[in-house]
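Q: protein-v3.pdb (PDB, C-alpha atoms, pLDDT in the B column) pasted underneath:
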```
ATOM      1  CA  MET A   1      -3.836   6.210  -3.960  1.00 91.00           C
ATOM      2  CA  LYS A   2      -6.397   7.212  -1.384  1.00 96.00           C
ATOM      3  CA  LEU A   3      -6.452  10.296   0.825  1.00 97.00           C
ATOM      4  CA  LYS A   4      -6.534  10.524   4.623  1.00 98.00           C
ATOM      5  CA  VAL A   5      -6.962  13.831   6.457  1.00 98.00           C
ATOM      6  CA  CYS A   6      -5.850  13.420  10.054  1.00 97.00           C
ATOM      7  CA  GLY A   7      -5.990  15.462  13.244  1.00 96.00           C
ATOM      8  CA  MET A   8      -9.580  16.685  13.024  1.00 97.00           C
ATOM      9  CA  LYS A   9     -10.949  18.514  16.053  1.00 95.00           C
ATOM     10  CA  TYR A  10     -13.805  20.938  15.333  1.00 96.00           C
ATOM     11  CA  GLN A  11     -17.275  19.873  14.195  1.00 95.00           C
ATOM     12  CA  ASP A  12     -17.823  22.535  11.517  1.00 96.00           C
ATOM     13  CA  ASN A  13     -14.372  21.867  10.122  1.00 97.00           C
ATOM     14  CA  ILE A  14     -14.988  18.114  10.119  1.00 97.00           C
ATOM     15  CA  GLU A  15     -18.110  18.634   8.034  1.00 96.00           C
ATOM     16  CA  ALA A  16     -16.251  20.935   5.622  1.00 97.00           C
ATOM     17  CA  VAL A  17     -13.474  18.366   5.176  1.00 98.00           C
ATOM     18  CA  ALA A  18     -16.060  15.626   4.665  1.00 97.00           C
ATOM     19  CA  ASN A  19     -17.514  17.651   1.775  1.00 97.00           C
ATOM     20  CA  LEU A  20     -14.164  17.179   0.000  1.00 97.00           C
ATOM     21  CA  GLN A  21     -14.777  13.426   0.186  1.00 96.00           C
ATOM     22  CA  PRO A  22     -11.456  12.116   1.472  1.00 97.00           C
ATOM     23  CA  ASP A  23     -11.329   8.358   1.950  1.00 97.00           C
ATOM     24  CA  PHE A  24     -10.270   8.528   5.616  1.00 98.00           C
ATOM     25  CA  VAL A  25     -10.641  11.132   8.360  1.00 98.00           C
ATOM     26  CA  GLY A  26      -8.464  10.767  11.465  1.00 98.00           C
ATOM     27  CA  PHE A  27      -9.236  11.667  15.080  1.00 98.00           C
ATOM     28  CA  ILE A  28      -6.461  11.728  17.670  1.00 97.00           C
ATOM     29  CA  PHE A  29      -7.249  10.288  21.108  1.00 97.00           C
ATOM     30  CA  HIS A  30      -4.028  11.357  22.819  1.00 95.00           C
ATOM     31  CA  GLU A  31      -4.245  13.934  25.610  1.00 95.00           C
ATOM     32  CA  GLN A  32      -0.736  15.300  24.985  1.00 93.00           C
ATOM     33  CA  SER A  33      -1.571  16.212  21.390  1.00 93.00           C
ATOM     34  CA  PRO A  34      -2.828  19.722  20.520  1.00 94.00           C
ATOM     35  CA  ARG A  35      -5.218  17.886  18.185  1.00 95.00           C
ATOM     36  CA  HIS A  36      -6.673  15.708  20.937  1.00 96.00           C
ATOM     37  CA  PHE A  37     -10.318  14.999  20.078  1.00 97.00           C
ATOM     38  CA  GLU A  38     -13.038  15.228  22.684  1.00 94.00           C
ATOM     39  CA  GLY A  39     -16.762  14.858  22.233  1.00 89.00           C
ATOM     40  CA  VAL A  40     -18.667  12.802  19.688  1.00 90.00           C
ATOM     41  CA  ILE A  41     -17.769  12.543  16.017  1.00 92.00           C
ATOM     42  CA  THR A  42     -20.442  13.922  13.734  1.00 86.00           C
ATOM     43  CA  ASP A  43     -22.099  11.516  11.301  1.00 90.00           C
ATOM     44  CA  LEU A  44     -20.085  11.172   8.102  1.00 95.00           C
ATOM     45  CA  PRO A  45     -20.969   9.679   4.705  1.00 95.00           C
ATOM     46  CA  ASN A  46     -20.507   5.911   4.559  1.00 93.00           C
ATOM     47  CA  SER A  47     -17.785   6.410   1.956  1.00 96.00           C
ATOM     48  CA  ILE A  48     -15.557   8.125   4.533  1.00 97.00           C
ATOM     49  CA  HIS A  49     -13.816   5.866   7.030  1.00 97.00           C
ATOM     50  CA  LYS A  50     -13.281   7.185  10.555  1.00 98.00           C
ATOM     51  CA  VAL A  51      -9.830   6.407  11.966  1.00 98.00           C
ATOM     52  CA  GLY A  52      -8.973   6.651  15.652  1.00 98.00           C
ATOM     53  CA  VAL A  53      -5.334   7.467  16.441  1.00 97.00           C
ATOM     54  CA  PHE A  54      -3.954   6.089  19.717  1.00 97.00           C
ATOM     55  CA  VAL A  55      -0.603   6.234  21.513  1.00 96.00           C
ATOM     56  CA  ASP A  56       0.077   3.434  24.006  1.00 97.00           C
ATOM     57  CA  LYS A  57      -3.542   3.132  25.154  1.00 97.00           C
ATOM     58  CA  THR A  58      -5.012  -0.041  26.629  1.00 98.00           C
ATOM     59  CA  VAL A  59      -6.962  -2.545  24.573  1.00 98.00           C
ATOM     60  CA  GLU A  60     -10.041  -1.742  26.648  1.00 97.00           C
ATOM     61  CA  PHE A  61      -9.805   2.000  26.007  1.00 98.00           C
ATOM     62  CA  ILE A  62      -9.339   1.518  22.259  1.00 98.00           C
ATOM     63  CA  ALA A  63     -12.166  -1.027  22.048  1.00 97.00           C
ATOM     64  CA  ASN A  64     -14.491   1.398  23.823  1.00 97.00           C
ATOM     65  CA  GLN A  65     -13.631   4.188  21.390  1.00 97.00           C
ATOM     66  CA  ILE A  66     -14.233   1.889  18.415  1.00 97.00           C
ATOM     67  CA  VAL A  67     -17.773   1.289  19.634  1.00 96.00           C
ATOM     68  CA  LYS A  68     -18.459   4.840  20.808  1.00 96.00           C
ATOM     69  CA  HIS A  69     -17.354   6.528  17.589  1.00 96.00           C
ATOM     70  CA  LYS A  70     -18.042   3.679  15.122  1.00 96.00           C
ATOM     71  CA  LEU A  71     -14.423   3.693  13.993  1.00 97.00           C
ATOM     72  CA  SER A  72     -13.576   1.868  10.773  1.00 97.00           C
ATOM     73  CA  ALA A  73      -9.872   1.724  11.608  1.00 98.00           C
ATOM     74  CA  ILE A  74      -7.442   2.290  14.460  1.00 98.00           C
ATOM     75  CA  GLN A  75      -3.994   3.800  14.011  1.00 98.00           C
ATOM     76  CA  LEU A  76      -1.466   2.693  16.629  1.00 98.00           C
ATOM     77  CA  HIS A  77       1.212   5.339  17.041  1.00 95.00           C
ATOM     78  CA  GLY A  78       3.054   4.103  20.117  1.00 95.00           C
ATOM     79  CA  HIS A  79       4.925   0.981  21.242  1.00 95.00           C
ATOM     80  CA  GLU A  80       2.021  -1.409  20.721  1.00 97.00           C
ATOM     81  CA  SER A  81       3.162  -5.031  20.581  1.00 98.00           C
ATOM     82  CA  PRO A  82       2.292  -7.556  17.872  1.00 98.00           C
ATOM     83  CA  GLU A  83       0.161  -9.364  20.465  1.00 98.00           C
ATOM     84  CA  MET A  84      -1.828  -6.210  21.144  1.00 98.00           C
ATOM     85  CA  CYS A  85      -2.355  -5.737  17.411  1.00 98.00           C
ATOM     86  CA  ARG A  86      -3.528  -9.344  17.165  1.00 97.00           C
ATOM     87  CA  ILE A  87      -6.115  -8.801  19.885  1.00 97.00           C
ATOM     88  CA  LEU A  88      -7.348  -5.553  18.338  1.00 98.00           C
ATOM     89  CA  LYS A  89      -7.559  -7.179  14.917  1.00 95.00           C
ATOM     90  CA  SER A  90     -10.417  -9.292  16.299  1.00 95.00           C
ATOM     91  CA  THR A  91     -12.567  -6.133  16.532  1.00 94.00           C
ATOM     92  CA  ASN A  92     -14.472  -4.801  13.554  1.00 87.00           C
ATOM     93  CA  ALA A  93     -11.807  -2.142  12.900  1.00 97.00           C
ATOM     94  CA  LYS A  94      -8.815  -2.336  10.572  1.00 98.00           C
ATOM     95  CA  VAL A  95      -5.440  -2.054  12.311  1.00 98.00           C
ATOM     96  CA  ILE A  96      -2.871   0.463  11.052  1.00 98.00           C
ATOM     97  CA  LYS A  97       0.528   0.186  12.778  1.00 98.00           C
ATOM     98  CA  VAL A  98       2.757   3.239  12.607  1.00 97.00           C
ATOM     99  CA  PHE A  99       6.531   3.171  12.175  1.00 96.00           C
ATOM    100  CA  SER A 100       8.631   6.331  12.245  1.00 94.00           C
ATOM    101  CA  ILE A 101      11.518   6.922   9.859  1.00 93.00           C
ATOM    102  CA  LYS A 102      14.370   9.407  10.081  1.00 86.00           C
ATOM    103  CA  ASP A 103      17.489   8.900   7.935  1.00 86.00           C
ATOM    104  CA  THR A 104      17.383   5.098   7.747  1.00 91.00           C
ATOM    105  CA  PHE A 105      14.983   2.332   8.693  1.00 95.00           C
ATOM    106  CA  ASP A 106      15.402  -1.315   9.661  1.00 96.00           C
ATOM    107  CA  PHE A 107      12.548  -3.044   7.839  1.00 97.00           C
ATOM    108  CA  SER A 108      13.077  -6.238   9.848  1.00 98.00           C
ATOM    109  CA  VAL A 109      11.015  -4.661  12.667  1.00 97.00           C
ATOM    110  CA  LEU A 110       7.944  -5.167  10.458  1.00 98.00           C
ATOM    111  CA  VAL A 111       8.206  -8.952  10.447  1.00 98.00           C
ATOM    112  CA  PRO A 112       6.361  -9.639  13.760  1.00 98.00           C
ATOM    113  CA  TYR A 113       3.501  -7.410  12.606  1.00 98.00           C
ATOM    114  CA  GLU A 114       2.945  -8.934   9.180  1.00 98.00           C
ATOM    115  CA  LYS A 115       0.038 -11.158  10.212  1.00 97.00           C
ATOM    116  CA  VAL A 116      -1.508  -8.972  12.925  1.00 98.00           C
ATOM    117  CA  CYS A 117      -2.264  -5.675  11.202  1.00 97.00           C
ATOM    118  CA  ASP A 118      -3.953  -4.597   7.986  1.00 98.00           C
ATOM    119  CA  TYR A 119      -1.785  -1.636   7.033  1.00 98.00           C
ATOM    120  CA  TYR A 120       1.454   0.065   7.972  1.00 98.00           C
ATOM    121  CA  LEU A 121       1.871   3.828   8.194  1.00 98.00           C
ATOM    122  CA  PHE A 122       5.287   5.390   7.696  1.00 97.00           C
ATOM    123  CA  ASP A 123       5.749   8.760   9.374  1.00 95.00           C
ATOM    124  CA  THR A 124       8.644  11.090  10.122  1.00 92.00           C
ATOM    125  CA  LYS A 125      10.499  10.423  13.350  1.00 79.00           C
ATOM    126  CA  GLY A 126      10.331  13.555  15.507  1.00 62.00           C
ATOM    127  CA  LYS A 127       9.731  14.905  18.991  1.00 60.00           C
ATOM    128  CA  LEU A 128       6.009  14.158  18.802  1.00 58.00           C
ATOM    129  CA  PRO A 129       4.200  10.963  17.702  1.00 56.00           C
ATOM    130  CA  GLY A 130       2.954  12.579  14.491  1.00 50.00           C
ATOM    131  CA  GLY A 131       2.209  16.138  13.413  1.00 51.00           C
ATOM    132  CA  ASN A 132       5.862  17.224  13.305  1.00 52.00           C
ATOM    133  CA  GLY A 133       5.470  18.992   9.969  1.00 60.00           C
ATOM    134  CA  TYR A 134       8.370  17.615   7.953  1.00 75.00           C
ATOM    135  CA  ALA A 135       8.904  14.705   5.596  1.00 87.00           C
ATOM    136  CA  PHE A 136      11.377  11.835   5.583  1.00 92.00           C
ATOM    137  CA  ASN A 137      13.290  10.623   2.522  1.00 93.00           C
ATOM    138  CA  TRP A 138      10.721   8.542   0.616  1.00 95.00           C
ATOM    139  CA  ASP A 139      13.515   6.846  -1.356  1.00 94.00           C
ATOM    140  CA  ILE A 140      14.015   4.658   1.725  1.00 95.00           C
ATOM    141  CA  LEU A 141      10.764   2.897   0.746  1.00 96.00           C
ATOM    142  CA  THR A 142      12.430   1.607  -2.424  1.00 95.00           C
ATOM    143  CA  ASP A 143      13.729  -1.198  -0.173  1.00 95.00           C
ATOM    144  CA  TYR A 144      10.276  -1.966   1.286  1.00 97.00           C
ATOM    145  CA  PRO A 145      10.282  -5.785   1.582  1.00 97.00           C
ATOM    146  CA  SER A 146       6.568  -6.382   2.238  1.00 98.00           C
ATOM    147  CA  THR A 147       3.449  -6.540   0.100  1.00 97.00           C
ATOM    148  CA  LYS A 148       1.287  -5.063   2.860  1.00 98.00           C
ATOM    149  CA  PRO A 149      -0.318  -1.758   1.767  1.00 98.00           C
ATOM    150  CA  PHE A 150       0.908   1.321   3.620  1.00 98.00           C
ATOM    151  CA  PHE A 151      -0.026   4.943   4.315  1.00 98.00           C
ATOM    152  CA  LEU A 152       2.592   7.602   3.533  1.00 97.00           C
ATOM    153  CA  SER A 153       2.668  10.365   6.149  1.00 96.00           C
ATOM    154  CA  GLY A 154       4.919  13.046   7.592  1.00 92.00           C
ATOM    155  CA  GLY A 155       4.873  16.735   6.727  1.00 90.00           C
ATOM    156  CA  ILE A 156       3.059  16.382   3.413  1.00 95.00           C
ATOM    157  CA  GLY A 157       1.693  19.667   2.036  1.00 95.00           C
ATOM    158  CA  LEU A 158       1.007  21.570  -1.164  1.00 95.00           C
ATOM    159  CA  ASP A 159       4.737  22.089  -1.658  1.00 93.00           C
ATOM    160  CA  GLN A 160       5.135  18.328  -2.078  1.00 92.00           C
ATOM    161  CA  VAL A 161       2.666  17.888  -4.956  1.00 95.00           C
ATOM    162  CA  GLU A 162       5.316  17.527  -7.655  1.00 94.00           C
ATOM    163  CA  ASP A 163       7.422  15.225  -5.471  1.00 94.00           C
ATOM    164  CA  LEU A 164       4.335  13.106  -4.796  1.00 95.00           C
ATOM    165  CA  LYS A 165       3.631  12.815  -8.524  1.00 94.00           C
ATOM    166  CA  LYS A 166       7.161  11.520  -9.010  1.00 94.00           C
ATOM    167  CA  PHE A 167       6.743   9.178  -6.051  1.00 95.00           C
ATOM    168  CA  GLN A 168       3.508   7.798  -7.520  1.00 93.00           C
ATOM    169  CA  GLU A 169       5.447   6.875 -10.660  1.00 93.00           C
ATOM    170  CA  SER A 170       8.315   5.245  -8.754  1.00 94.00           C
ATOM    171  CA  SER A 171       8.755   1.640  -7.643  1.00 93.00           C
ATOM    172  CA  ALA A 172       8.769   2.836  -4.010  1.00 94.00           C
ATOM    173  CA  SER A 173       5.051   3.609  -4.287  1.00 95.00           C
ATOM    174  CA  GLU A 174       4.018   0.125  -5.461  1.00 96.00           C
ATOM    175  CA  TYR A 175       2.294  -0.708  -2.168  1.00 97.00           C
ATOM    176  CA  CYS A 176       1.418   2.845  -1.139  1.00 97.00           C
ATOM    177  CA  PHE A 177      -2.277   2.663  -0.341  1.00 97.00           C
ATOM    178  CA  ALA A 178      -2.939   6.216   0.853  1.00 97.00           C
ATOM    179  CA  ILE A 179      -1.450   9.644   1.472  1.00 97.00           C
ATOM    180  CA  ASP A 180      -1.944  10.965   5.012  1.00 97.00           C
ATOM    181  CA  VAL A 181      -1.973  14.748   5.533  1.00 97.00           C
ATOM    182  CA  ASN A 182      -2.237  16.765   8.715  1.00 95.00           C
ATOM    183  CA  SER A 183      -0.231  19.717  10.055  1.00 93.00           C
ATOM    184  CA  LYS A 184       0.799  21.252   6.704  1.00 94.00           C
ATOM    185  CA  PHE A 185      -2.875  22.013   5.989  1.00 97.00           C
ATOM    186  CA  GLU A 186      -3.695  23.708   9.271  1.00 96.00           C
ATOM    187  CA  ILE A 187      -4.764  27.207  10.195  1.00 97.00           C
ATOM    188  CA  GLU A 188      -4.163  26.141  13.790  1.00 96.00           C
ATOM    189  CA  ALA A 189      -3.792  22.731  15.436  1.00 95.00           C
ATOM    190  CA  GLY A 190      -6.832  20.668  14.494  1.00 96.00           C
ATOM    191  CA  LEU A 191      -8.345  23.281  12.152  1.00 98.00           C
ATOM    192  CA  LYS A 192      -7.805  22.469   8.479  1.00 98.00           C
ATOM    193  CA  ASN A 193      -7.528  24.899   5.562  1.00 98.00           C
ATOM    194  CA  ILE A 194     -10.296  23.693   3.255  1.00 98.00           C
ATOM    195  CA  GLU A 195      -9.142  25.547   0.137  1.00 98.00           C
ATOM    196  CA  GLU A 196      -5.619  24.177   0.399  1.00 97.00           C
ATOM    197  CA  LEU A 197      -6.940  20.658   0.882  1.00 97.00           C
ATOM    198  CA  ARG A 198      -9.167  21.109  -2.166  1.00 97.00           C
ATOM    199  CA  MET A 199      -6.184  22.248  -4.246  1.00 96.00           C
ATOM    200  CA  PHE A 200      -4.113  19.315  -3.028  1.00 97.00           C
ATOM    201  CA  LYS A 201      -6.789  16.802  -3.952  1.00 95.00           C
ATOM    202  CA  GLN A 202      -7.341  18.372  -7.372  1.00 94.00           C
ATOM    203  CA  ASN A 203      -3.634  18.290  -8.193  1.00 93.00           C
ATOM    204  CA  LEU A 204      -3.104  14.607  -7.397  1.00 90.00           C
ATOM    205  CA  SER A 205      -4.720  11.416  -8.625  1.00 78.00           C
ATOM    206  CA  PHE A 206      -6.721   9.813  -5.832  1.00 79.00           C
ATOM    207  CA  ARG A 207      -8.821   6.761  -6.610  1.00 67.00           C
ATOM    208  CA  ASN A 208     -12.114   5.954  -4.946  1.00 54.00           C
TER     209      ASN A 208
END
```
Just give me the structure of the file as structure tokens.
A:
Amino acid sequence: MKLKVCGMKYQDNIEAVANLQPDFVGFIFHEQSPRHFEGVITDLPNSIHKVGVFVDKTVEFIANQIVKHKLSAIQLHGHESPEMCRILKSTNAKVIKVFSIKDTFDFSVLVPYEKVCDYYLFDTKGKLPGGNGYAFNWDILTDYPSTKPFFLSGGIGLDQVEDLKKFQESSASEYCFAIDVNSKFEIEAGLKNIEELRMFKQNLSFRN
């Protein structure tokens, strides 16, 4: 599995996280989020993919941010339609469509998105579109009907290392492409704890 660190905000902290060599670093372009990113993203090694996170933004806005920040991928965290995903897929960025899970999940909602996005991301359903700080029941993914690779997100922290090891060995993880971490590794919103991230990465098997 690969590693994505999301919700970056401060330049020095971005550089420190980049030194840990995660596969993806996420930047949230959503004004209502305490992790809303403003400014210009610092240059990162080519091995690290920059992901822009959007919530119900227009195609034009997202396309502009792709160019401005040289985004490798866009993460759509709102009510974006399959048609919108199809249009955005014609850009040079990979499309990650987010679906939130609470106690159950109707996987049939994925069907219209199968051909118009590159990845799914499964997050915990909460008051905010991401960054709620708690996990959903990963056993639900045992019934995952697709072969599309997905990101696993939602309240993942150091206290989940052993559970993640078990998940990696389970059938539910067959198409899990990456682990997405955010709020559980924060000193404050948008400021990541580097030592805890280092420990997390060292304790799990992430492939390059």
Q: Find the residue from A:Ser170, A:Met1, A:Leu20, A:Asp56 that sits nearest to Lys192 of chain A; use only C-alpha atoms when measuring.
A: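 Ranking A:Ser170, A:Met1, A:Leu20, A:Asp56 by distance to Lys192 of chain A, first place goes to A:Leu20.
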Q: For the structure shown, which residues end up in the PyMOL selection byres ((chain A and resi 71-77) around 6)? Put them as a PyMOL selection string, please?
A: chain A and resi 49-55+66+69-70+78+93-98
Q: Which residue is closest to Ile179 of chain A? Choose from A:Gln160, A:Asn46, A:Asn193, A:Asn13 and count all atoms listed in the file.
A: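 When distances to Ile179 of chain A are compared using all atoms listed in the file, the smallest one comes from A:Gln160.
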Q: Calculate how many Å separate atom CA of Pro45 of chain A from atom CA of Leu164 of chain A, rounding to one decimal.
A: 27.2 Å
Q: Find, counting only C-alpha atoms, the residue in A:Ala16, A:Ile187, A:Ala178, A:Ile62 that gets nearest to Leu204 of chain A.
A: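 Under the stated criterion, the closest residue is A:Ala178.
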Q: On this structure, the PyMOL selection byres ((chain A and resi 35) around 7) would catch which residues? List them as a list in words, sorted by chain and number.
A: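 Selected by the PyMOL selection byres ((chain A and resi 35) around 7) here: Gly7, Met8, Lys9, Ile28, Ser33, Pro34, His36, Phe37, Ala189 and Gly190 of chain A.
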Q: Taking (-7.8, 15.8, -7.1) in the file's coordinates, which residues come within 12 Å, counting only C-alpha atoms, written as a ChimeraX atom specification?
A: /A:1-3,20-22,161,165,196-208
Q: Which one of A:Tyr144, A:Tyr10, A:Phe136, A:Phe150 sits closest to Phe107 of chain A if you count all atoms listed in the file?
A: A:Tyr144
Q: Would you please work out which residue, of A:Lys57, A:Lys115, A:Lys184, A:Lys4, is nearest to Phe29 of chain A when using all atoms listed in the file?
A: A:Lys57
Q: Excluding Lys148 of chain A and any residue of its chain fewer than 6 positions from it, enumerate the residues within 9 Å of it, using all atoms listed in the file, and give them as number ranges by chain.
A: A: 114, 118-120, 175-176
Q: Closest to Ile87 of chain A among A:Lys68, A:Pro112, A:Cys117, A:Asp103, using only C-alpha atoms?
A: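 Checking each of A:Lys68, A:Pro112, A:Cys117, A:Asp103 against Ile87 of chain A, counting only C-alpha atoms, the winner is A:Cys117.
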Q: Rounded to one decimal place, report the atom CA of Val109 of chain A-atom CA of Ser146 of chain A distance in Å.
A: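 Distance between the two atoms: 11.5 Å.
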Q: What is the atom CA of Val5 of chain A to atom CA of Asp139 of chain A distance in Å?
A: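 A separation of 23.0 Å between them.
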Q: Show me, as lines of an AutoDock Vina configuration file, the centre and edge lengths in Å to one decimal of the axis-aligned box that covers every listed atom of segment 142-158 of chain A with 8 Å on each side.
A:
```
center_x = 6.7
center_y = 7.5
center_z = 2.6
size_x = 30.0
size_y = 44.1
size_z = 26.0
```
Q: When you look at Met84 of chain A with a cut-off of 9 Å (counting all atoms listed in the file), what residues show up, excluding the ones that are within fewer than 3 positions of it in the same chain? I need them as a CSV table (one decimal) with C-alpha atoms, in the frame of the given file.
A:
```
chain,number,residue,atom,x,y,z
A,58,THR,CA,-5.0,0.0,26.6
A,59,VAL,CA,-7.0,-2.5,24.6
A,80,GLU,CA,2.0,-1.4,20.7
A,81,SER,CA,3.2,-5.0,20.6
A,87,ILE,CA,-6.1,-8.8,19.9
A,88,LEU,CA,-7.3,-5.6,18.3
A,89,LYS,CA,-7.6,-7.2,14.9
A,116,VAL,CA,-1.5,-9.0,12.9
```
Q: Translate the PyMOL selection byres ((chain A and resi 101) around 6) into a concrete residue list for this structure, as a list in words.
A: Ser100, Lys102, Phe105, Thr124 and Lys125 of chain A
